[in-house]
$ cat upload-v3.txt   # compact mmCIF, C-alpha atoms
# COMPACT_ATOMS: atom_id res chain seq x y z
CA MET A 1 40.72 58.21 19.56
CA ALA A 2 43.74 60.33 18.59
CA ALA A 3 41.78 63.45 19.44
CA GLU A 4 41.17 62.11 22.92
CA VAL A 5 44.78 61.04 23.53
CA GLN A 6 46.32 64.43 22.74
CA PRO A 7 44.53 66.37 25.50
CA ALA A 8 45.39 63.60 27.93
CA VAL A 9 49.08 63.91 27.11
CA ALA A 10 48.94 67.70 27.37
CA ALA A 11 47.16 67.45 30.69
CA LYS A 12 49.82 65.08 31.95
CA GLU A 13 52.62 67.43 30.92
CA THR A 14 51.02 70.51 32.47
CA ALA A 15 50.40 68.57 35.66
CA GLU A 16 54.14 67.83 36.04
CA LEU A 17 55.39 68.81 39.46
CA CYS A 18 58.49 70.91 40.03
CA PRO A 19 61.28 68.61 41.29
CA ASN A 20 62.61 71.45 43.43
CA CYS A 21 59.54 72.67 45.35
CA GLY A 22 56.69 70.40 44.24
CA SER A 23 54.52 73.13 42.66
CA ASP A 24 52.67 72.64 39.36
CA PHE A 25 54.50 73.85 36.27
CA LEU A 26 52.79 76.66 34.36
CA GLY A 27 54.83 76.55 31.17
CA LYS A 28 58.56 75.82 31.02
CA PHE A 29 59.38 77.33 34.41
CA CYS A 30 58.02 76.88 37.92
CA HIS A 31 56.04 79.95 38.96
CA THR A 32 57.08 79.42 42.61
CA CYS A 33 60.86 78.92 42.54
CA GLY A 34 61.79 79.48 38.88
CA GLU A 35 63.12 75.95 38.29
CA LYS A 36 63.10 74.97 34.60
CA TRP A 37 60.89 72.11 33.42
CA PHE A 38 62.99 68.97 33.19
CA HIS A 39 62.82 66.28 30.53
CA ARG A 40 64.86 63.12 30.28
CA HIS A 41 66.19 64.30 26.91
CA ASP A 42 67.96 67.11 28.78
CA LEU A 43 70.50 64.49 29.89
CA ALA A 44 71.51 63.76 26.31
CA LEU A 45 75.12 64.69 25.51
CA ARG A 46 74.10 66.90 22.59
CA HIS A 47 71.69 68.93 24.72
CA PHE A 48 74.30 69.28 27.47
CA ALA A 49 76.97 70.46 25.02
CA VAL A 50 74.66 73.06 23.44
CA HIS A 51 73.63 74.34 26.87
CA ALA A 52 77.26 74.48 28.06
CA VAL A 53 78.36 76.48 25.00
CA HIS A 54 75.47 78.90 25.52
CA GLU A 55 76.34 79.42 29.17
CA LEU A 56 80.05 79.94 28.49
CA THR A 57 79.53 82.43 25.67
CA HIS A 58 76.87 84.27 27.68
CA VAL A 59 79.13 84.58 30.72
CA ASP A 60 82.13 85.63 28.62
CA ALA A 61 80.13 88.27 26.78
CA LYS A 62 78.77 89.67 30.03
CA PHE A 63 82.21 89.67 31.66
CA PHE A 64 83.97 91.44 28.81
CA ALA A 65 81.18 94.00 28.45
CA THR A 66 81.33 94.72 32.18
CA VAL A 67 85.12 95.10 32.24
CA ARG A 68 85.04 97.29 29.12
CA TYR A 69 82.56 99.71 30.70
CA LEU A 70 84.39 99.56 34.03
CA PHE A 71 87.59 100.85 32.40
CA THR A 72 86.20 103.17 29.75
CA ARG A 73 83.19 104.77 31.45
CA PRO A 74 83.75 105.48 35.16
CA GLY A 75 80.52 105.34 37.13
CA PHE A 76 78.48 103.95 34.23
CA LEU A 77 77.99 100.49 35.76
CA THR A 78 76.89 102.06 39.03
CA THR A 79 74.30 104.26 37.32
CA GLU A 80 73.07 101.26 35.33
CA TYR A 81 72.65 99.23 38.51
CA ILE A 82 70.83 102.03 40.30
CA ALA A 83 68.53 102.46 37.29
CA GLY A 84 67.64 98.76 37.40
CA ARG A 85 69.46 97.77 34.20
CA ARG A 86 71.44 94.88 35.66
CA SER A 87 71.01 91.74 33.54
CA ARG A 88 73.47 92.93 30.87
CA TYR A 89 76.43 93.10 33.24
CA MET A 90 78.15 91.05 35.93
CA LYS A 91 76.80 91.65 39.40
CA PRO A 92 78.97 94.14 41.32
CA LEU A 93 79.79 91.60 44.03
CA SER A 94 80.74 88.92 41.48
CA LEU A 95 82.93 91.40 39.62
CA PHE A 96 84.69 92.46 42.81
CA LEU A 97 85.27 88.87 43.96
CA ALA A 98 86.61 87.92 40.53
CA ALA A 99 89.05 90.86 40.61
CA VAL A 100 90.20 89.95 44.12
CA ALA A 101 90.65 86.29 43.16
CA LEU A 102 92.71 87.19 40.09
CA LEU A 103 94.91 89.52 42.11
CA PHE A 104 95.58 86.93 44.81
CA LEU A 105 96.30 84.34 42.13
CA ALA A 106 98.97 86.64 40.70
CA ASP A 107 100.30 87.22 44.22
CA SER A 108 100.66 83.47 44.77
CA ILE A 109 102.78 83.24 41.61
CA HIS A 110 104.88 86.36 42.20
CA PRO A 111 104.39 87.91 45.67
CA LEU A 112 103.85 91.66 45.68
CA SER A 113 101.08 92.00 48.22
CA VAL A 114 101.07 93.38 51.76
CA TYR A 115 99.19 90.20 52.72
CA ASN A 116 102.18 88.07 51.73
CA ILE A 117 104.66 87.49 54.57
CA GLN A 118 107.54 86.70 52.23
CA TRP A 119 107.12 89.96 50.35
CA LEU A 120 106.86 91.94 53.59
CA ALA A 121 110.06 90.30 54.85
CA GLN A 122 111.85 91.31 51.64
CA GLN A 123 110.86 94.94 52.22
CA ASP A 124 112.24 94.86 55.77
CA LYS A 125 115.84 95.84 55.03
CA GLN A 126 116.73 96.13 58.73
CA GLY A 127 115.56 92.61 59.54
CA LYS A 128 113.17 93.62 62.33
CA MET A 129 110.43 91.29 61.10
CA ASN A 130 112.81 88.34 60.93
CA ALA A 131 113.98 89.10 64.46
CA ALA A 132 110.38 89.18 65.64
CA TRP A 133 109.72 85.77 64.06
CA GLU A 134 112.81 84.31 65.73
CA LYS A 135 111.83 85.74 69.11
CA LEU A 136 108.31 84.33 68.85
CA ALA A 137 109.64 80.99 67.61
CA ALA A 138 112.00 80.76 70.58
CA LYS A 139 109.13 81.49 72.94
CA LYS A 140 106.96 78.80 71.38
CA HIS A 141 109.91 76.37 71.03
CA VAL A 142 109.31 75.81 67.32
CA PRO A 143 111.29 76.70 64.18
CA LYS A 144 110.85 80.18 62.76
CA GLU A 145 109.41 78.73 59.55
CA VAL A 146 106.55 77.20 61.53
CA ILE A 147 105.60 80.59 62.98
CA VAL A 148 105.71 82.25 59.57
CA GLU A 149 103.57 79.48 58.10
CA ARG A 150 101.01 79.81 60.91
CA VAL A 151 100.76 83.56 60.44
CA GLN A 152 100.42 83.25 56.65
CA GLU A 153 97.77 80.55 57.05
CA ARG A 154 95.66 82.75 59.31
CA ILE A 155 95.98 85.66 56.90
CA HIS A 156 94.79 83.43 54.05
CA ARG A 157 91.72 82.49 56.07
CA VAL A 158 90.50 86.05 56.45
CA VAL A 159 92.07 87.91 53.53
CA THR A 160 88.96 87.74 51.33
CA ALA A 161 86.69 88.85 54.15
CA VAL A 162 89.07 91.74 54.87
CA GLN A 163 88.46 93.07 51.36
CA PHE A 164 84.82 93.64 52.31
CA VAL A 165 86.01 95.83 55.17
CA ASN A 166 87.57 98.07 52.51
CA VAL A 167 84.28 98.09 50.58
CA VAL A 168 82.21 99.00 53.63
CA GLY A 169 84.81 101.58 54.64
CA MET A 170 84.62 103.32 51.28
CA ALA A 171 80.82 103.15 51.30
CA ALA A 172 80.80 104.80 54.73
CA ILE A 173 83.05 107.58 53.45
CA LEU A 174 80.71 108.17 50.50
CA TRP A 175 77.67 108.10 52.78
CA LEU A 176 79.16 110.88 54.91
CA MET A 177 79.52 113.07 51.79
CA TYR A 178 76.28 112.09 50.05
CA ARG A 179 73.79 111.65 52.88
CA LYS A 180 70.67 111.85 50.68
CA ARG A 181 71.50 108.60 48.89
CA TYR A 182 70.76 105.04 49.97
CA PHE A 183 73.74 103.32 51.57
CA VAL A 184 73.50 100.46 49.07
CA GLU A 185 74.17 102.93 46.24
CA HIS A 186 77.47 103.76 47.91
CA LEU A 187 78.21 100.05 48.35
CA ILE A 188 77.73 99.50 44.62
CA MET A 189 80.01 102.44 43.84
CA ALA A 190 82.63 101.04 46.23
CA LEU A 191 82.44 97.55 44.71
CA HIS A 192 82.90 98.93 41.20
CA TYR A 193 85.72 101.29 42.13
CA LEU A 194 87.66 98.76 44.18
CA ALA A 195 87.21 96.16 41.43
CA PHE A 196 88.77 98.72 39.07
CA VAL A 197 91.64 99.26 41.52
CA GLU A 198 92.24 95.52 41.91
CA LEU A 199 92.25 94.95 38.14
CA CYS A 200 94.59 97.91 37.60
CA SER A 201 96.92 96.44 40.22
CA LEU A 202 96.77 93.13 38.37
CA LEU A 203 97.59 94.75 35.03
CA SER A 204 100.45 96.74 36.55
CA TRP A 205 101.90 93.64 38.24
CA PRO A 206 104.65 93.11 35.60
CA VAL A 207 105.79 96.73 35.85
CA SER A 208 105.81 96.59 39.66
CA SER A 209 107.84 93.39 39.49
CA ILE A 210 110.48 95.06 37.32
CA ILE A 211 110.87 98.42 39.06
CA GLY A 212 110.36 97.13 42.61
CA SER A 213 108.73 98.99 45.48
CA THR A 214 111.47 101.50 46.31
CA GLY A 215 113.43 104.11 44.39
CA ARG A 216 112.49 106.92 42.03
CA PRO A 217 110.86 104.74 39.31
CA ALA A 218 108.59 103.11 41.90
CA LEU A 219 107.69 106.53 43.34
CA ILE A 220 106.84 107.96 39.92
CA PHE A 221 104.78 104.89 39.06
CA SER A 222 102.88 105.17 42.35
CA LEU A 223 102.16 108.86 41.71
CA LEU A 224 100.84 108.06 38.24
CA LYS A 225 98.50 105.44 39.70
CA MET A 226 97.32 107.91 42.32
CA VAL A 227 96.46 110.46 39.61
CA LEU A 228 94.65 107.76 37.65
CA PHE A 229 92.57 106.65 40.64
CA VAL A 230 91.64 110.22 41.65
CA ALA A 231 90.69 111.05 38.06
CA TYR A 232 88.59 107.89 37.88
CA LEU A 233 86.79 108.82 41.10
CA PHE A 234 86.17 112.34 39.82
CA LEU A 235 84.60 111.10 36.58
CA ALA A 236 82.59 108.45 38.44
CA PHE A 237 81.28 111.01 40.95
CA ARG A 238 80.30 113.36 38.15
CA ARG A 239 78.31 110.60 36.45
CA VAL A 240 76.69 109.07 39.53
CA TYR A 241 76.18 111.97 41.93
CA GLN A 242 75.91 114.72 39.30
CA GLN A 243 77.44 117.60 41.20
CA LYS A 244 79.59 120.49 39.99
CA LYS A 245 83.14 119.82 38.85
CA GLY A 246 84.88 121.60 41.71
CA LEU A 247 82.80 119.87 44.37
CA SER A 248 83.17 116.49 42.68
CA LEU A 249 86.95 116.91 42.48
CA ALA A 250 87.20 117.90 46.15
CA LYS A 251 85.13 114.91 47.19
CA ALA A 252 87.14 112.61 44.93
CA VAL A 253 90.41 113.71 46.54
CA THR A 254 88.91 113.43 50.04
CA THR A 255 87.55 109.98 49.31
CA PHE A 256 90.87 108.81 47.90
CA VAL A 257 92.85 110.06 50.91
CA CYS A 258 90.43 108.57 53.45
CA LEU A 259 90.29 105.30 51.54
CA GLN A 260 94.09 105.06 51.57
CA LEU A 261 93.97 105.20 55.37
CA VAL A 262 91.50 102.31 55.34
CA LEU A 263 93.64 100.35 52.87
CA VAL A 264 96.69 100.84 55.09
CA LEU A 265 94.95 99.99 58.37
CA THR A 266 93.21 96.80 57.25
CA PRO A 267 96.39 94.83 56.39
CA ILE A 268 98.09 96.08 59.57
CA VAL A 269 95.17 94.93 61.72
CA THR A 270 95.04 91.66 59.77
CA LEU A 271 98.75 91.01 60.31
CA VAL A 272 98.61 91.87 64.01
CA GLY A 273 95.59 89.63 64.48
CA ALA A 274 97.30 86.77 62.66
CA VAL A 275 100.46 87.13 64.78
CA ILE A 276 98.42 87.15 68.01
CA ALA A 277 96.49 84.06 66.88
CA ALA A 278 99.74 82.29 65.96
CA ALA A 279 101.29 83.19 69.30
CA ARG A 280 98.32 81.72 71.17
CA SER A 281 98.27 78.49 69.21
$ encode --input "upload-v3.txt" --output "structure tokens"
Amino acid sequence: MAAEVQPAVAAKETAELCPNCGSDFLGKFCHTCGEKWFHRHDLALRHFAVHAVHELTHVDAKFFATVRYLFTRPGFLTTEYIAGRRSRYMKPLSLFLAAVALLFLADSIHPLSVYNIQWLAQQDKQGKMNAAWEKLAAKKHVPKEVIVERVQERIHRVVTAVQFVNVVGMAAILWLMYRKRYFVEHLIMALHYLAFVELCSLLSWPVSSIIGSTGRPALIFSLLKMVLFVAYLFLAFRRVYQQKKGLSLAKAVTTFVCLQLVLVLTPIVTLVGAVIAAARS
């Protein structure tokens, strides 16, 4: 009898349907959608704790490995992605979004961003921005603080999406210089490079807070960052695009200069759009 029961149990287990798509399980995972086979014991606290620890340590290990290579080996993550070796590292988009989120979190604690109205007002020594807010507030018959809040709110709505404009802009610049490559390869390079820039800005936040944005120390610090970013691009281009040093350096400088124009224009357009939207509301 026991010999007859065992196959029946096995047949029942293999005939389990996927709770996600309804297909038959062929092993522990659904061959149609990839959903894992579910058992009631999976809801036990011990199983949940073990799974949670595994997920956290796996994510942490992948994150730290990705950041380590991002800082120490320019272009390495891009070449790994293009070669199809992707499971060991964070996805380029996830890495970029994480860097952006961390930077904006720091900006919310201590404003130093061009997307922060308060910080921009502090840089306006002549008070032209404050005068503009007062003029618009008088026209709308509301306090100046209401106008500023409306503008800042609209910037917050689009600020993350604006970062992708920078990514696409850099990818377009790279595509113009490396036409024989797929555009997605340039997108991956842009995501990795801009993630590096965002994380460097985050790490330099304390120094920027101390020295400010004007004066000789701020100028020297900005020049040092420019040299760092150009050098990073040069090394990344050498690794990814594999061209001669002189040509790679020229393209790195050109890319950096063109990208700075994009990085200057996007916040200006964002601010103007937010002011227009606030004026119409």
$ residues_near_point --input "upload-v3.txt" --point "(72.4, 98.6, 39.9)" --cutoff "12 Å" --atoms "all atoms listed in the file" --output "PyMOL selection string"
chain A and resi 75-93+184-189+191-192+240
$ residues_around --input "upload-v3.txt" --residues "Leu228 (chain A)" --least-positions-apart "4" --cutoff "12 Å" --atoms "only C-alpha atoms" --output "number ranges by chain"
A: 71, 74, 193, 196-197, 200-201, 221-224, 232-235, 252-253, 256
$ write_last_selection --input "upload-v3.txt" --atoms "C-alpha atoms" --output "PDB file, keeping the file's coordinate frame"
ATOM      1  CA  PHE A  71      87.590 100.850  32.400  1.00  0.00           C
ATOM      2  CA  PRO A  74      83.750 105.480  35.160  1.00  0.00           C
ATOM      3  CA  TYR A 193      85.720 101.290  42.130  1.00  0.00           C
ATOM      4  CA  PHE A 196      88.770  98.720  39.070  1.00  0.00           C
ATOM      5  CA  VAL A 197      91.640  99.260  41.520  1.00  0.00           C
ATOM      6  CA  CYS A 200      94.590  97.910  37.600  1.00  0.00           C
ATOM      7  CA  SER A 201      96.920  96.440  40.220  1.00  0.00           C
ATOM      8  CA  PHE A 221     104.780 104.890  39.060  1.00  0.00           C
ATOM      9  CA  SER A 222     102.880 105.170  42.350  1.00  0.00           C
ATOM     10  CA  LEU A 223     102.160 108.860  41.710  1.00  0.00           C
ATOM     11  CA  LEU A 224     100.840 108.060  38.240  1.00  0.00           C
ATOM     12  CA  TYR A 232      88.590 107.890  37.880  1.00  0.00           C
ATOM     13  CA  LEU A 233      86.790 108.820  41.100  1.00  0.00           C
ATOM     14  CA  PHE A 234      86.170 112.340  39.820  1.00  0.00           C
ATOM     15  CA  LEU A 235      84.600 111.100  36.580  1.00  0.00           C
ATOM     16  CA  ALA A 252      87.140 112.610  44.930  1.00  0.00           C
ATOM     17  CA  VAL A 253      90.410 113.710  46.540  1.00  0.00           C
ATOM     18  CA  PHE A 256      90.870 108.810  47.900  1.00  0.00           C
TER      19      PHE A 256
END
$ closest_residue --input "upload-v3.txt" --among "A:Leu112, A:Met226, A:Leu259, A:Leu247" --to "Ala171 (chain A)" --atoms "all atoms listed in the file"
A:Leu259
$ closest_residue --input "upload-v3.txt" --among "A:His156, A:Lys225, A:Leu194, A:Val114" --to "Leu70 (chain A)" --atoms "all atoms listed in the file"
A:Leu194
$ atom_distance --input "upload-v3.txt" --atom1 "CA of Ala131 (chain A)" --atom2 "CA of Lys144 (chain A)"
9.6 Å
$ residues_around --input "upload-v3.txt" --residues "Trp119 (chain A)" --least-positions-apart "2" --cutoff "12 Å" --atoms "all atoms listed in the file" --output "PyMOL selection string"
chain A and resi 107-117+121-125+129+152+209+212-213
$ axis_aligned_box --input "upload-v3.txt" --around "region 106-109 of chain A" --padding-each-side "5 Å" --output "JSON"
{"center_x": 100.9, "center_y": 85.2, "center_z": 42.7, "size_x": 13.8, "size_y": 14.0, "size_z": 14.1}
$ closest_residue --input "upload-v3.txt" --among "A:Phe64, A:Ala231, A:Val262, A:Ala132" --to "Val148 (chain A)" --atoms "all atoms listed in the file"
A:Ala132
$ residues_around --input "upload-v3.txt" --residues "Val264 (chain A)" --least-positions-apart "5" --cutoff "12 Å" --atoms "all atoms listed in the file" --output "CSV table (one decimal) with C-alpha atoms, in the frame of the given file"
chain,number,residue,atom,x,y,z
A,114,VAL,CA,101.1,93.4,51.8
A,115,TYR,CA,99.2,90.2,52.7
A,162,VAL,CA,89.1,91.7,54.9
A,163,GLN,CA,88.5,93.1,51.4
A,165,VAL,CA,86.0,95.8,55.2
A,166,ASN,CA,87.6,98.1,52.5
A,169,GLY,CA,84.8,101.6,54.6
A,257,VAL,CA,92.8,110.1,50.9
A,258,CYS,CA,90.4,108.6,53.4
A,259,LEU,CA,90.3,105.3,51.5
A,269,VAL,CA,95.2,94.9,61.7
A,270,THR,CA,95.0,91.7,59.8
A,271,LEU,CA,98.8,91.0,60.3
